[in-house]
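What follows is the content of my_file13.cif, which has mmCIF, C-alpha atoms:
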```
data_final
#
loop_
_atom_site.label_atom_id
_atom_site.label_comp_id
_atom_site.auth_asym_id
_atom_site.auth_seq_id
_atom_site.Cartn_x
_atom_site.Cartn_y
_atom_site.Cartn_z
CA MET A 1 121.32 74.83 84.81
CA VAL A 2 122.68 78.10 83.53
CA ALA A 3 125.75 79.34 85.41
CA SER A 4 124.76 82.22 87.67
CA ALA A 5 127.40 84.58 86.28
CA ALA A 6 125.84 84.38 82.84
CA VAL A 7 122.48 85.80 83.99
CA ARG A 8 122.34 88.96 86.05
CA LEU A 9 119.33 91.00 87.07
CA PHE A 10 119.60 94.62 88.17
CA GLY A 11 116.61 95.42 90.34
CA MET A 12 115.11 97.28 93.26
CA TRP A 13 113.34 95.41 96.07
CA ALA A 14 110.03 97.34 95.95
CA SER A 15 109.61 97.37 92.18
CA PRO A 16 106.81 95.22 90.71
CA ALA A 17 108.41 95.26 87.26
CA VAL A 18 111.55 93.69 88.73
CA ARG A 19 109.57 90.99 90.58
CA ARG A 20 107.76 90.21 87.34
CA VAL A 21 111.11 89.28 85.77
CA GLU A 22 112.16 87.28 88.85
CA TRP A 23 108.91 85.31 88.74
CA ALA A 24 109.61 84.40 85.11
CA LEU A 25 113.21 83.40 85.85
CA LYS A 26 112.10 81.22 88.76
CA LEU A 27 109.27 79.62 86.77
CA LYS A 28 111.87 78.57 84.24
CA GLY A 29 114.35 77.41 86.88
CA ILE A 30 117.01 79.86 85.69
CA GLU A 31 119.72 80.71 88.18
CA TYR A 32 120.74 84.34 88.24
CA GLU A 33 122.72 86.87 90.18
CA TYR A 34 120.60 89.67 91.63
CA ILE A 35 122.06 93.14 92.02
CA GLU A 36 120.11 95.61 94.18
CA GLU A 37 120.22 99.16 92.85
CA ASP A 38 119.90 102.35 94.85
CA LEU A 39 117.78 104.37 92.44
CA SER A 40 118.82 107.63 94.05
CA ASN A 41 122.43 106.73 93.27
CA LYS A 42 122.42 104.51 90.19
CA SER A 43 125.44 102.35 89.54
CA SER A 44 127.66 102.93 86.55
CA SER A 45 126.78 99.40 85.40
CA LEU A 46 123.06 100.22 85.31
CA LEU A 47 123.69 103.44 83.41
CA GLU A 48 125.95 101.60 80.97
CA PHE A 49 123.45 98.79 80.39
CA ASN A 50 120.38 101.04 80.17
CA PRO A 51 121.54 104.46 78.99
CA ILE A 52 118.18 105.37 77.43
CA ASN A 53 115.77 104.86 80.32
CA LYS A 54 118.28 104.41 83.18
CA GLN A 55 115.72 102.17 84.93
CA VAL A 56 115.38 98.75 86.46
CA PRO A 57 114.86 95.94 85.69
CA VAL A 58 117.78 95.19 83.41
CA LEU A 59 118.53 91.57 82.56
CA VAL A 60 122.09 90.96 81.45
CA HIS A 61 122.63 87.64 79.70
CA ASN A 62 126.14 86.77 78.53
CA CYS A 63 126.96 90.48 78.85
CA ASN A 64 124.01 91.52 76.63
CA PRO A 65 121.52 93.85 78.34
CA ILE A 66 117.78 93.54 77.83
CA VAL A 67 115.47 96.23 79.25
CA GLU A 68 111.71 96.83 79.65
CA SER A 69 110.13 94.09 81.74
CA LEU A 70 107.65 92.82 79.13
CA VAL A 71 110.44 92.70 76.53
CA ILE A 72 112.53 90.79 79.07
CA LEU A 73 109.70 88.30 79.61
CA GLU A 74 109.52 87.52 75.89
CA TYR A 75 113.31 87.23 75.73
CA ILE A 76 113.32 84.77 78.64
CA ASP A 77 110.58 82.72 76.99
CA GLU A 78 112.41 82.57 73.66
CA THR A 79 115.80 81.78 75.16
CA TRP A 80 114.84 79.14 77.75
CA LYS A 81 112.19 76.99 76.18
CA ASP A 82 111.10 74.83 79.18
CA ASN A 83 107.84 75.85 80.89
CA PRO A 84 106.70 78.22 78.16
CA ILE A 85 104.91 81.33 79.42
CA LEU A 86 103.53 82.57 76.11
CA PRO A 87 101.10 80.46 74.04
CA VAL A 88 102.12 79.11 70.65
CA ASP A 89 99.10 80.24 68.65
CA PRO A 90 99.53 83.76 67.15
CA LEU A 91 96.00 84.84 68.08
CA GLU A 92 96.43 83.72 71.69
CA ARG A 93 99.80 85.48 71.80
CA ALA A 94 98.17 88.67 70.50
CA LYS A 95 95.52 88.44 73.25
CA ALA A 96 98.17 87.84 75.92
CA ARG A 97 100.13 90.88 74.73
CA PHE A 98 96.97 92.96 74.56
CA TRP A 99 96.09 92.38 78.22
CA ALA A 100 99.69 92.94 79.32
CA THR A 101 99.83 96.29 77.52
CA PHE A 102 96.36 97.25 78.81
CA VAL A 103 97.41 96.69 82.39
CA ASP A 104 100.85 98.22 82.04
CA VAL A 105 99.65 101.39 80.34
CA LYS A 106 96.01 102.00 81.26
CA CYS A 107 95.57 100.40 84.68
CA ARG A 108 98.92 101.69 85.84
CA GLU A 109 98.00 105.24 84.75
CA GLU A 110 94.73 105.21 86.71
CA SER A 111 96.35 103.55 89.72
CA ARG A 112 99.03 106.21 89.72
CA LYS A 113 96.43 108.98 89.60
CA ALA A 114 94.40 107.35 92.39
CA PHE A 115 97.62 107.12 94.39
CA PHE A 116 98.99 110.63 93.89
CA MET A 117 95.89 112.77 93.51
CA GLU A 118 93.19 113.90 95.87
CA GLY A 119 89.56 114.94 95.71
CA GLU A 120 87.62 114.72 92.46
CA GLU A 121 90.59 113.63 90.37
CA LYS A 122 91.25 110.74 92.75
CA GLU A 123 87.59 109.68 92.65
CA LYS A 124 87.56 109.80 88.86
CA ALA A 125 90.72 107.68 88.69
CA ILE A 126 89.21 105.07 91.03
CA GLU A 127 86.09 104.98 88.85
CA ASN A 128 88.19 104.46 85.72
CA LEU A 129 90.22 101.78 87.48
CA GLN A 130 87.04 99.92 88.40
CA VAL A 131 85.92 99.92 84.76
CA GLN A 132 89.29 98.40 83.88
CA LEU A 133 89.04 95.83 86.68
CA LYS A 134 85.60 94.84 85.38
CA ALA A 135 87.14 94.09 81.97
CA LEU A 136 89.83 91.97 83.64
CA ASP A 137 87.17 90.22 85.72
CA GLU A 138 85.19 89.34 82.58
CA GLU A 139 88.32 88.06 80.87
CA LEU A 140 88.84 85.64 83.78
CA GLU A 141 85.36 84.11 83.44
CA GLY A 142 85.72 80.33 83.36
CA LYS A 143 89.51 80.44 83.74
CA LYS A 144 91.71 79.82 86.76
CA PHE A 145 94.45 82.07 85.43
CA PHE A 146 94.55 84.50 82.50
CA SER A 147 96.78 81.98 80.74
CA GLY A 148 94.53 78.99 81.54
CA ASP A 149 95.30 76.27 84.09
CA HIS A 150 98.80 77.53 84.81
CA ILE A 151 100.23 80.99 85.24
CA GLY A 152 101.75 82.49 82.14
CA TYR A 153 102.76 85.75 80.52
CA THR A 154 99.50 87.57 81.11
CA ASP A 155 99.35 86.57 84.77
CA LEU A 156 102.94 87.71 85.26
CA ALA A 157 102.11 90.99 83.53
CA VAL A 158 98.93 91.63 85.56
CA GLY A 159 100.51 90.18 88.70
CA TRP A 160 101.59 93.52 90.15
CA MET A 161 97.95 94.24 90.86
CA THR A 162 97.71 91.30 93.27
CA PHE A 163 100.07 92.94 95.72
CA TRP A 164 101.06 96.47 94.76
CA LEU A 165 97.52 97.70 94.16
CA GLY A 166 96.67 96.76 97.74
CA VAL A 167 99.87 98.44 98.91
CA ALA A 168 98.97 101.60 96.98
CA GLU A 169 95.48 101.57 98.45
CA GLU A 170 96.81 101.32 101.99
CA ALA A 171 99.57 103.89 101.46
CA ALA A 172 97.34 106.44 99.75
CA GLY A 173 94.02 105.81 101.49
CA PHE A 174 91.69 104.61 98.76
CA LYS A 175 89.84 101.42 97.90
CA ALA A 176 89.11 100.02 94.50
CA ASN A 177 86.83 97.46 96.17
CA TYR A 178 87.64 94.61 93.85
CA ASP A 179 87.11 92.05 96.61
CA VAL A 180 83.47 93.05 96.68
CA LYS A 181 82.76 93.90 93.07
CA PHE A 182 84.89 91.55 90.99
CA PRO A 183 84.67 87.92 92.17
CA ASN A 184 86.74 86.37 89.35
CA PHE A 185 89.50 88.90 89.81
CA SER A 186 89.53 88.46 93.59
CA ARG A 187 89.65 84.70 93.24
CA TRP A 188 92.49 85.03 90.71
CA ILE A 189 94.46 87.21 93.16
CA LYS A 190 94.27 84.48 95.81
CA ASP A 191 95.24 81.73 93.38
CA PHE A 192 98.11 83.77 91.95
CA LEU A 193 99.52 84.68 95.37
CA ALA A 194 99.29 81.02 96.44
CA GLU A 195 101.64 79.89 93.66
CA PRO A 196 105.00 78.98 95.28
CA VAL A 197 107.06 80.98 92.75
CA ILE A 198 105.01 84.08 93.59
CA LYS A 199 104.44 83.81 97.33
CA ASP A 200 108.10 83.14 98.02
CA ASN A 201 109.09 86.15 95.94
CA LEU A 202 107.24 89.20 97.17
CA PRO A 203 108.64 92.12 99.12
CA PRO A 204 107.69 92.42 102.83
CA ARG A 205 104.29 94.08 102.90
CA GLU A 206 104.68 96.53 105.76
CA LYS A 207 108.04 97.72 104.51
CA THR A 208 106.54 98.19 101.03
CA VAL A 209 103.57 100.16 102.38
CA GLU A 210 105.98 102.41 104.30
CA PHE A 211 108.09 102.87 101.21
CA PHE A 212 105.10 103.92 99.11
CA ARG A 213 103.77 106.15 101.87
CA ALA A 214 107.09 108.00 101.90
CA PHE A 215 107.11 108.04 98.12
CA LYS A 216 103.69 109.70 98.04
CA GLN A 217 104.79 112.28 100.57
CA LEU A 218 107.69 113.18 98.35
CA GLY A 219 105.00 114.13 95.87
CA SER A 220 107.37 113.00 93.20
CA CYS A 221 106.36 111.70 89.78
CA THR A 222 109.59 109.73 89.46
CA LYS A 223 108.55 106.23 88.62
CA VAL A 224 109.42 103.48 91.06
CA ASN A 225 107.20 101.09 89.15
CA GLN A 226 109.77 100.82 86.45
CA LYS A 227 109.27 99.24 83.07
CA MET B 1 95.75 81.47 49.67
CA ALA B 2 93.07 80.29 52.05
CA SER B 3 94.61 82.13 55.00
CA GLU B 4 94.37 85.45 53.16
CA LYS B 5 90.59 85.31 52.99
CA GLY B 6 88.65 87.11 55.68
CA VAL B 7 91.23 89.78 56.56
CA MET B 8 89.83 93.20 57.27
CA LEU B 9 91.49 96.31 58.66
CA LEU B 10 89.50 99.00 60.46
CA ASP B 11 91.55 102.12 60.11
CA PHE B 12 91.76 105.89 59.57
CA TRP B 13 93.71 107.23 56.61
CA VAL B 14 96.18 109.48 58.44
CA SER B 15 96.80 107.25 61.45
CA PRO B 16 100.47 106.25 61.70
CA PHE B 17 99.34 103.30 63.84
CA GLY B 18 97.01 102.03 61.11
CA GLN B 19 99.76 102.57 58.55
CA ARG B 20 102.00 100.19 60.49
CA ALA B 21 99.44 97.44 59.93
CA ARG B 22 98.99 98.33 56.26
CA ILE B 23 102.74 98.29 55.61
CA ALA B 24 103.14 94.93 57.36
CA LEU B 25 100.28 93.39 55.37
CA ALA B 26 101.74 94.74 52.13
CA GLU B 27 105.21 93.42 52.95
CA LYS B 28 103.66 89.98 53.45
CA GLY B 29 101.54 90.20 50.31
CA VAL B 30 98.32 89.67 52.28
CA GLU B 31 95.09 90.73 50.60
CA TYR B 32 92.61 92.42 52.88
CA GLU B 33 89.56 94.61 52.95
CA TYR B 34 90.26 98.15 54.13
CA LYS B 35 87.50 99.92 56.02
CA GLU B 36 87.87 103.64 56.69
CA GLU B 37 86.35 104.61 60.02
CA ASN B 38 84.74 107.94 60.83
CA LEU B 39 86.31 108.55 64.24
CA ARG B 40 83.54 110.97 65.19
CA ASP B 41 80.94 108.30 64.47
CA LYS B 42 82.56 104.93 65.12
CA SER B 43 80.99 101.87 63.52
CA GLU B 44 79.27 99.09 65.46
CA LEU B 45 81.92 96.75 64.14
CA LEU B 46 84.74 98.86 65.60
CA LEU B 47 83.04 99.24 68.96
CA LYS B 48 82.33 95.51 69.09
CA SER B 49 85.82 94.55 67.93
CA ASN B 50 87.68 96.85 70.31
CA PRO B 51 85.34 97.47 73.25
CA ILE B 52 88.17 98.32 75.65
CA HIS B 53 89.90 101.09 73.71
CA LYS B 54 87.40 101.79 70.89
CA LYS B 55 90.35 102.75 68.68
CA ILE B 56 91.73 101.94 65.27
CA PRO B 57 93.55 100.06 63.93
CA VAL B 58 91.80 96.75 64.43
CA LEU B 59 92.76 93.77 62.31
CA ILE B 60 89.96 91.24 61.92
CA HIS B 61 91.19 87.83 60.75
CA ASP B 62 88.54 85.19 60.11
CA GLY B 63 86.24 87.13 62.38
CA LYS B 64 88.74 87.45 65.26
CA PRO B 65 89.85 90.98 66.20
CA ILE B 66 93.42 91.92 67.06
CA CYS B 67 94.02 95.37 68.54
CA GLU B 68 96.98 97.68 69.20
CA SER B 69 99.24 98.39 66.23
CA LEU B 70 102.49 96.77 67.38
CA ILE B 71 100.58 93.70 68.56
CA ILE B 72 98.89 93.58 65.15
CA VAL B 73 102.26 93.80 63.37
CA GLN B 74 103.64 90.93 65.48
CA TYR B 75 100.49 88.90 64.78
CA ILE B 76 100.92 89.51 61.04
CA ASP B 77 104.58 88.49 61.27
CA GLU B 78 103.77 85.28 63.16
CA THR B 79 100.75 84.31 61.06
CA TRP B 80 102.26 84.92 57.63
CA SER B 81 105.68 83.71 58.63
CA ASP B 82 106.65 82.28 55.25
CA LYS B 83 107.52 85.65 53.74
CA ALA B 84 109.38 88.87 54.65
CA PRO B 85 110.14 88.25 58.36
CA LEU B 86 109.85 91.51 60.28
CA LEU B 87 111.46 90.32 63.50
CA PRO B 88 114.89 88.65 63.46
CA SER B 89 115.22 85.03 64.59
CA ASP B 90 117.80 85.63 67.34
CA PRO B 91 116.13 86.29 70.74
CA TYR B 92 118.54 89.09 71.69
CA GLN B 93 118.04 90.88 68.35
CA ARG B 94 114.27 90.44 68.76
CA ALA B 95 114.47 92.01 72.22
CA GLN B 96 116.39 94.95 70.77
CA ALA B 97 113.75 95.38 68.04
CA ARG B 98 110.93 95.25 70.59
CA PHE B 99 112.68 97.79 72.79
CA TRP B 100 113.16 100.29 69.96
CA ALA B 101 109.63 99.84 68.60
CA ASP B 102 108.38 100.45 72.14
CA PHE B 103 110.63 103.55 72.35
CA VAL B 104 109.08 104.94 69.15
CA ASP B 105 105.63 104.12 70.51
CA LYS B 106 106.15 105.93 73.76
CA LYS B 107 108.03 108.96 72.52
CA VAL B 108 107.36 110.04 68.95
CA PHE B 109 103.59 110.48 68.70
CA GLU B 110 103.09 112.21 72.03
CA CYS B 111 106.01 114.58 71.56
CA GLY B 112 104.92 115.21 67.98
CA GLY B 113 101.47 116.15 69.21
CA LYS B 114 102.96 118.74 71.55
CA LEU B 115 104.75 120.37 68.63
CA TRP B 116 101.52 121.39 66.94
CA LYS B 117 99.32 121.78 70.02
CA LEU B 118 101.56 124.00 72.08
CA LYS B 119 103.12 127.44 71.67
CA GLY B 120 105.92 129.53 73.15
CA GLU B 121 108.14 128.01 75.81
CA GLU B 122 106.20 124.73 76.00
CA GLN B 123 106.57 124.24 72.26
CA GLU B 124 110.29 125.01 72.50
CA ALA B 125 110.65 122.38 75.20
CA ALA B 126 108.79 119.87 73.03
CA LYS B 127 111.03 120.73 70.10
CA THR B 128 114.15 120.10 72.20
CA GLU B 129 112.65 116.78 73.24
CA MET B 130 111.80 115.78 69.65
CA ILE B 131 115.30 116.63 68.44
CA GLU B 132 116.72 114.45 71.21
CA ILE B 133 114.38 111.58 70.26
CA LEU B 134 115.33 111.84 66.57
CA GLN B 135 119.04 111.92 67.42
CA ILE B 136 118.74 108.89 69.69
CA LEU B 137 117.00 107.02 66.87
CA GLU B 138 119.61 108.23 64.40
CA ALA B 139 122.39 106.89 66.64
CA GLN B 140 120.59 103.56 66.82
CA LEU B 141 120.23 103.45 63.02
CA GLY B 142 123.88 104.34 62.50
CA ASP B 143 125.06 103.49 59.03
CA LYS B 144 122.65 100.61 58.57
CA LYS B 145 120.30 100.52 55.62
CA TYR B 146 117.34 99.95 57.91
CA PHE B 147 116.86 99.68 61.68
CA GLY B 148 116.58 95.96 60.98
CA GLY B 149 120.01 95.95 59.26
CA ASP B 150 119.68 94.78 55.70
CA ILE B 151 116.12 93.67 56.41
CA PHE B 152 113.23 96.13 56.56
CA GLY B 153 111.97 95.10 59.98
CA PHE B 154 109.82 95.70 63.01
CA VAL B 155 111.37 98.99 64.09
CA ASP B 156 111.26 100.33 60.53
CA VAL B 157 107.55 99.48 60.33
CA ALA B 158 106.97 101.07 63.73
CA PHE B 159 108.72 104.34 62.91
CA VAL B 160 108.33 104.99 59.18
CA PRO B 161 104.68 106.19 59.33
CA PHE B 162 105.81 109.14 61.43
CA THR B 163 108.05 110.35 58.62
CA SER B 164 105.02 111.74 56.80
CA TRP B 165 104.47 113.91 59.89
CA PHE B 166 107.97 115.42 59.76
CA TYR B 167 106.82 118.26 57.51
CA SER B 168 104.07 119.14 60.02
CA TYR B 169 106.46 118.96 62.97
CA GLU B 170 109.00 121.15 61.14
CA THR B 171 106.46 123.70 60.01
CA CYS B 172 104.71 124.04 63.37
CA ALA B 173 107.86 124.12 65.49
CA ASN B 174 110.29 125.71 63.06
CA PHE B 175 113.13 123.25 62.76
CA SER B 176 114.53 120.88 60.16
CA VAL B 177 114.72 117.12 60.65
CA GLU B 178 117.37 116.96 57.93
CA GLU B 179 119.57 119.38 59.87
CA VAL B 180 119.25 117.60 63.23
CA ALA B 181 119.09 113.98 62.05
CA PRO B 182 120.17 113.66 58.39
CA LYS B 183 120.55 109.87 58.52
CA ILE B 184 116.90 109.55 59.53
CA VAL B 185 115.87 111.54 56.46
CA GLN B 186 118.02 109.33 54.23
CA TRP B 187 116.56 106.24 55.87
CA ALA B 188 113.04 107.57 55.25
CA LYS B 189 113.86 108.01 51.55
CA ARG B 190 115.14 104.44 51.34
CA CYS B 191 111.94 103.21 52.96
CA MET B 192 109.85 105.16 50.43
CA GLU B 193 111.56 103.12 47.69
CA ARG B 194 109.62 100.14 49.03
CA GLU B 195 106.22 99.74 47.44
CA SER B 196 104.61 98.88 50.80
CA VAL B 197 105.66 102.23 52.25
CA ASP B 198 105.22 104.32 49.12
CA LYS B 199 101.65 103.10 48.59
CA THR B 200 100.70 103.50 52.27
CA LEU B 201 102.10 106.79 53.50
CA PRO B 202 100.11 109.92 52.71
CA ASP B 203 101.62 113.04 51.16
CA PRO B 204 103.17 115.05 54.04
CA LYS B 205 101.31 118.12 52.78
CA LYS B 206 98.00 116.29 53.22
CA VAL B 207 99.05 115.36 56.76
CA TYR B 208 99.79 119.03 57.40
CA GLU B 209 96.34 119.98 56.07
CA PHE B 210 94.89 117.50 58.56
CA VAL B 211 96.95 119.01 61.40
CA CYS B 212 95.68 122.48 60.45
CA TYR B 213 92.12 121.14 60.49
CA LEU B 214 92.70 119.67 63.98
CA LYS B 215 94.18 122.94 65.20
CA LYS B 216 91.10 124.80 63.98
CA ARG B 217 88.79 122.23 65.55
CA PHE B 218 90.53 122.47 68.90
CA GLY B 219 90.83 126.25 68.72
CA ILE B 220 94.62 126.26 68.56
CA GLU B 221 96.15 129.17 66.68
#
```
In structure tokens, what does this structure look like?
Amino acid sequence: MVASAAVRLFGMWASPAVRRVEWALKLKGIEYEYIEEDLSNKSSSLLEFNPINKQVPVLVHNCNPIVESLVILEYIDETWKDNPILPVDPLERAKARFWATFVDVKCREESRKAFFMEGEEKEKAIENLQVQLKALDEELEGKKFFSGDHIGYTDLAVGWMTFWLGVAEEAAGFKANYDVKFPNFSRWIKDFLAEPVIKDNLPPREKTVEFFRAFKQLGSCTKVNQK
Amino acid sequence: MASEKGVMLLDFWVSPFGQRARIALAEKGVEYEYKEENLRDKSELLLKSNPIHKKIPVLIHDGKPICESLIIVQYIDETWSDKAPLLPSDPYQRAQARFWADFVDKKVFECGGKLWKLKGEEQEAAKTEMIEILQILEAQLGDKKYFGGDIFGFVDVAFVPFTSWFYSYETCANFSVEEVAPKIVQWAKRCMERESVDKTLPDPKKVYEFVCYLKKRFGIE
């Protein structure tokens, strides 16, 4: 086991990008020290470790900081080789990275618009999100998880949608209707949330909904869903 | 080599994203078929190979498509791993390289686009932003030969295509990259000494002609 002082994670309780890193650490059985950040009053450590983006999560391993959650995931996989989360084959790795980037850039953009906007723009964003969900649904055809029989990199990358999309829907009053329209995706959500590493490591739902409701009222574009 | 057969790249001549793939393939000595796409009339092959984004570049290897330029470059690095490694072997150094390539990805193209699309105060704001981006990258480069140290690596491949856009950025927004980030200009010259870069990057004046054509097409003065 790695000594806890050697691995530190700077995070924020509501952030899906932070949970994504915690899921990976727990899947690998890595012990770590968690430091909760107040993003309205960032610590000097956070600013020192991530001067460019000043965001969470930041993983600090033997005093070396790694930032951007998908970069952190690959670092974790390359450093602790038990329970690999990325496939070995270069083509499969390329596909895994493709879906992770798709969800992090495109789906997140439409979700954010559906969350913050109203009227026609909101409707258009929901429509676009449903097109994206359809693609994810098709990708899951014949597979339990994106990564196959066990959760892996792609599942961890897409995983924010299993909880935070529902939270966003409730906080902002919209429905992407994936439980009705996308059976593979809905089934994958249930299976993903049933995994012990995931279900024991989610923020409290009501508190998260309240947080995002307040966040929407602020009308701010400051990202809580950090990289 | 058997693995070099059946490599095709769907691309567009001026795309810095496509150029990343071309440079990586050249560094690895991989032979491939280049197919120029008409982006106003995309081929069936492109639409079939990249149905989600419908964008170039797409690398097709033995019939299998790989999309998104930095993912393509990593695929090239992992598949033709016997020559010219683009990512270092140490996980922490690899994470640094991925972070900086991602930084280039998120910042340079979009900000660059604002420089030629916008005018007045908005353009000034974009110029301030671009200067900051270039200076951050310059600080990261430091006195190293390349972003990868002595090795021409992942971040170099990610960023160098944008150097042929510097002339356009400078002309549209009235500033000098050499004045604000001289080490970046020197780095760009060193990269151009590499055949892979020299043979891939277009003449900056041709890029500027393309920008002028886009401005006309979008009705930007």
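Counting from CA of Cys191 (chain B), the distance to CA of Lys114 (chain B) is 25.8 Å.
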Q: Please write the residues picked by the PyMOL selection byres ((chain B) within 10 of (chain A)) on this file as an MDAnalysis selection string.
A: chainID B and resid 51:53 61 64:68 70:80 89:99 102:103 136
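Rounded to one decimal, CA of Lys106 (chain B) and CA of Ser81 (chain B) lie 26.9 Å from each other.
Protein and nucleic acid residues near (98.4, 115.3, 55.2) are Asp203, Pro204, Lys205, Lys206, Val207, Tyr208, Glu209 and Phe210 of chain B, the criterion being any atom at most 6 Å away using only C-alpha atoms.
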Residues of the last selection are to be written out with C-alpha atoms, as a PDB file, keeping the file's coordinate frame.
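Heads up, here's the output in part-v4.pdb:
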```pdb
ATOM      1  CA  ASP B 203     101.620 113.040  51.160  1.00  0.00           C
ATOM      2  CA  PRO B 204     103.170 115.050  54.040  1.00  0.00           C
ATOM      3  CA  LYS B 205     101.310 118.120  52.780  1.00  0.00           C
ATOM      4  CA  LYS B 206      98.000 116.290  53.220  1.00  0.00           C
ATOM      5  CA  VAL B 207      99.050 115.360  56.760  1.00  0.00           C
ATOM      6  CA  TYR B 208      99.790 119.030  57.400  1.00  0.00           C
ATOM      7  CA  GLU B 209      96.340 119.980  56.070  1.00  0.00           C
ATOM      8  CA  PHE B 210      94.890 117.500  58.560  1.00  0.00           C
TER       9      PHE B 210
END
```
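CA of Trp13 (chain B) sits 29.0 Å away from CA of Glu122 (chain B).
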Would you kindly translate the PyMOL selection byres ((chain A and resi 216) around 10) into the concrete residues it picks from this file, as a PDB file with C-alpha atoms, in the coordinates of the input?
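The result, written out as result10.pdb:
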```
ATOM      1  CA  PHE A 115      97.620 107.120  94.390  1.00  0.00           C
ATOM      2  CA  PHE A 116      98.990 110.630  93.890  1.00  0.00           C
ATOM      3  CA  MET A 117      95.890 112.770  93.510  1.00  0.00           C
ATOM      4  CA  ALA A 168      98.970 101.600  96.980  1.00  0.00           C
ATOM      5  CA  ALA A 171      99.570 103.890 101.460  1.00  0.00           C
ATOM      6  CA  ALA A 172      97.340 106.440  99.750  1.00  0.00           C
ATOM      7  CA  GLU A 210     105.980 102.410 104.300  1.00  0.00           C
ATOM      8  CA  PHE A 211     108.090 102.870 101.210  1.00  0.00           C
ATOM      9  CA  PHE A 212     105.100 103.920  99.110  1.00  0.00           C
ATOM     10  CA  ARG A 213     103.770 106.150 101.870  1.00  0.00           C
ATOM     11  CA  ALA A 214     107.090 108.000 101.900  1.00  0.00           C
ATOM     12  CA  PHE A 215     107.110 108.040  98.120  1.00  0.00           C
ATOM     13  CA  GLN A 217     104.790 112.280 100.570  1.00  0.00           C
ATOM     14  CA  LEU A 218     107.690 113.180  98.350  1.00  0.00           C
ATOM     15  CA  GLY A 219     105.000 114.130  95.870  1.00  0.00           C
ATOM     16  CA  SER A 220     107.370 113.000  93.200  1.00  0.00           C
ATOM     17  CA  CYS A 221     106.360 111.700  89.780  1.00  0.00           C
TER      18      CYS A 221
END
```
Q. Given the file above and the PyMOL selection byres ((chain B and resi 33-49) around 7), which residues are selected, and can you give them as a list of chain:residue names?
A. B:Val7, B:Met8, B:Leu9, B:Leu10, B:Asp11, B:Phe12, B:Trp13, B:Tyr32, B:Asn50, B:Pro51, B:Lys54, B:Pro65
Q: Give me the residues within 8 Å of Glu37 (chain A) as a ChimeraX atom specification, counting only C-alpha atoms and dropping any in the same chain fewer than 6 places off.
A: /A:10-12,43
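With all atoms listed in the file taken into account, the protein and nucleic acid residues at most 9 Å from Val157 (chain B) (excluding it and anything under 2 positions from it in its own chain) are Gln19, Arg20, Ala21, Ile23, Ala24, Val73, Leu86, Ala101, Phe152, Gly153, Phe154, Val155, Phe159, Val160, Pro161 and Val197 of chain B.
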Q.
Need the shell around Ala125 (chain B): protein/DNA/RNA residues with any atom at most 12 Å away, counting only C-alpha atoms. Skip same-chain ones fewer than 5 positions apart. Format as a PyMOL selection string?
A. chain B and resi 111-112+114-115+118-120+130-132+173
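Ranking B:Ala126, B:Val180, B:Ala188, B:Leu141 by their shortest atom-to-atom distance to Glu110 (chain B), with all atoms listed in the file included, puts B:Ala126 first.
Shortest separation to Glu138 (chain B) among B:Met192, B:Leu201, B:Ala158, B:Val177 occurs at residue B:Val177, atoms counted being all atoms listed in the file.
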(Q) Considering only C-alpha atoms, can you say which of B:Ile184, B:Glu129, B:Ser196, B:Cys172 comes closest to Asp143 (chain B)? (A) B:Ile184
Quick one: what's the axis-aligned box for region 202-218 of chain A, all listed atoms, 8 Å on every side, centre and edges in Å to one decimal, as AutoDock Vina command-line options?
```
--center_x 106.1 --center_y 101.2 --center_z 101.5 --size_x 21.1 --size_y 40.0 --size_z 24.6
```
12 Å contact set for Glu169 (chain A), all atoms listed in the file, chain neighbours under 5 positions out, as a short mmCIF file (atom, residue, chain, number, x, y, z; two decimals) with C-alpha atoms, keeping the file's coordinate frame:
```
data_model
loop_
_atom_site.label_atom_id
_atom_site.label_comp_id
_atom_site.auth_asym_id
_atom_site.auth_seq_id
_atom_site.Cartn_x
_atom_site.Cartn_y
_atom_site.Cartn_z
CA SER A 111 96.35 103.55 89.72
CA ARG A 112 99.03 106.21 89.72
CA LYS A 113 96.43 108.98 89.60
CA ALA A 114 94.40 107.35 92.39
CA PHE A 115 97.62 107.12 94.39
CA PHE A 116 98.99 110.63 93.89
CA LYS A 122 91.25 110.74 92.75
CA ILE A 126 89.21 105.07 91.03
CA MET A 161 97.95 94.24 90.86
CA THR A 162 97.71 91.30 93.27
CA PHE A 163 100.07 92.94 95.72
CA TRP A 164 101.06 96.47 94.76
CA PHE A 174 91.69 104.61 98.76
CA LYS A 175 89.84 101.42 97.90
CA ALA A 176 89.11 100.02 94.50
CA ASN A 177 86.83 97.46 96.17
CA TYR A 178 87.64 94.61 93.85
CA THR A 208 106.54 98.19 101.03
CA VAL A 209 103.57 100.16 102.38
CA PHE A 212 105.10 103.92 99.11
CA ARG A 213 103.77 106.15 101.87
CA LYS A 216 103.69 109.70 98.04
#
```
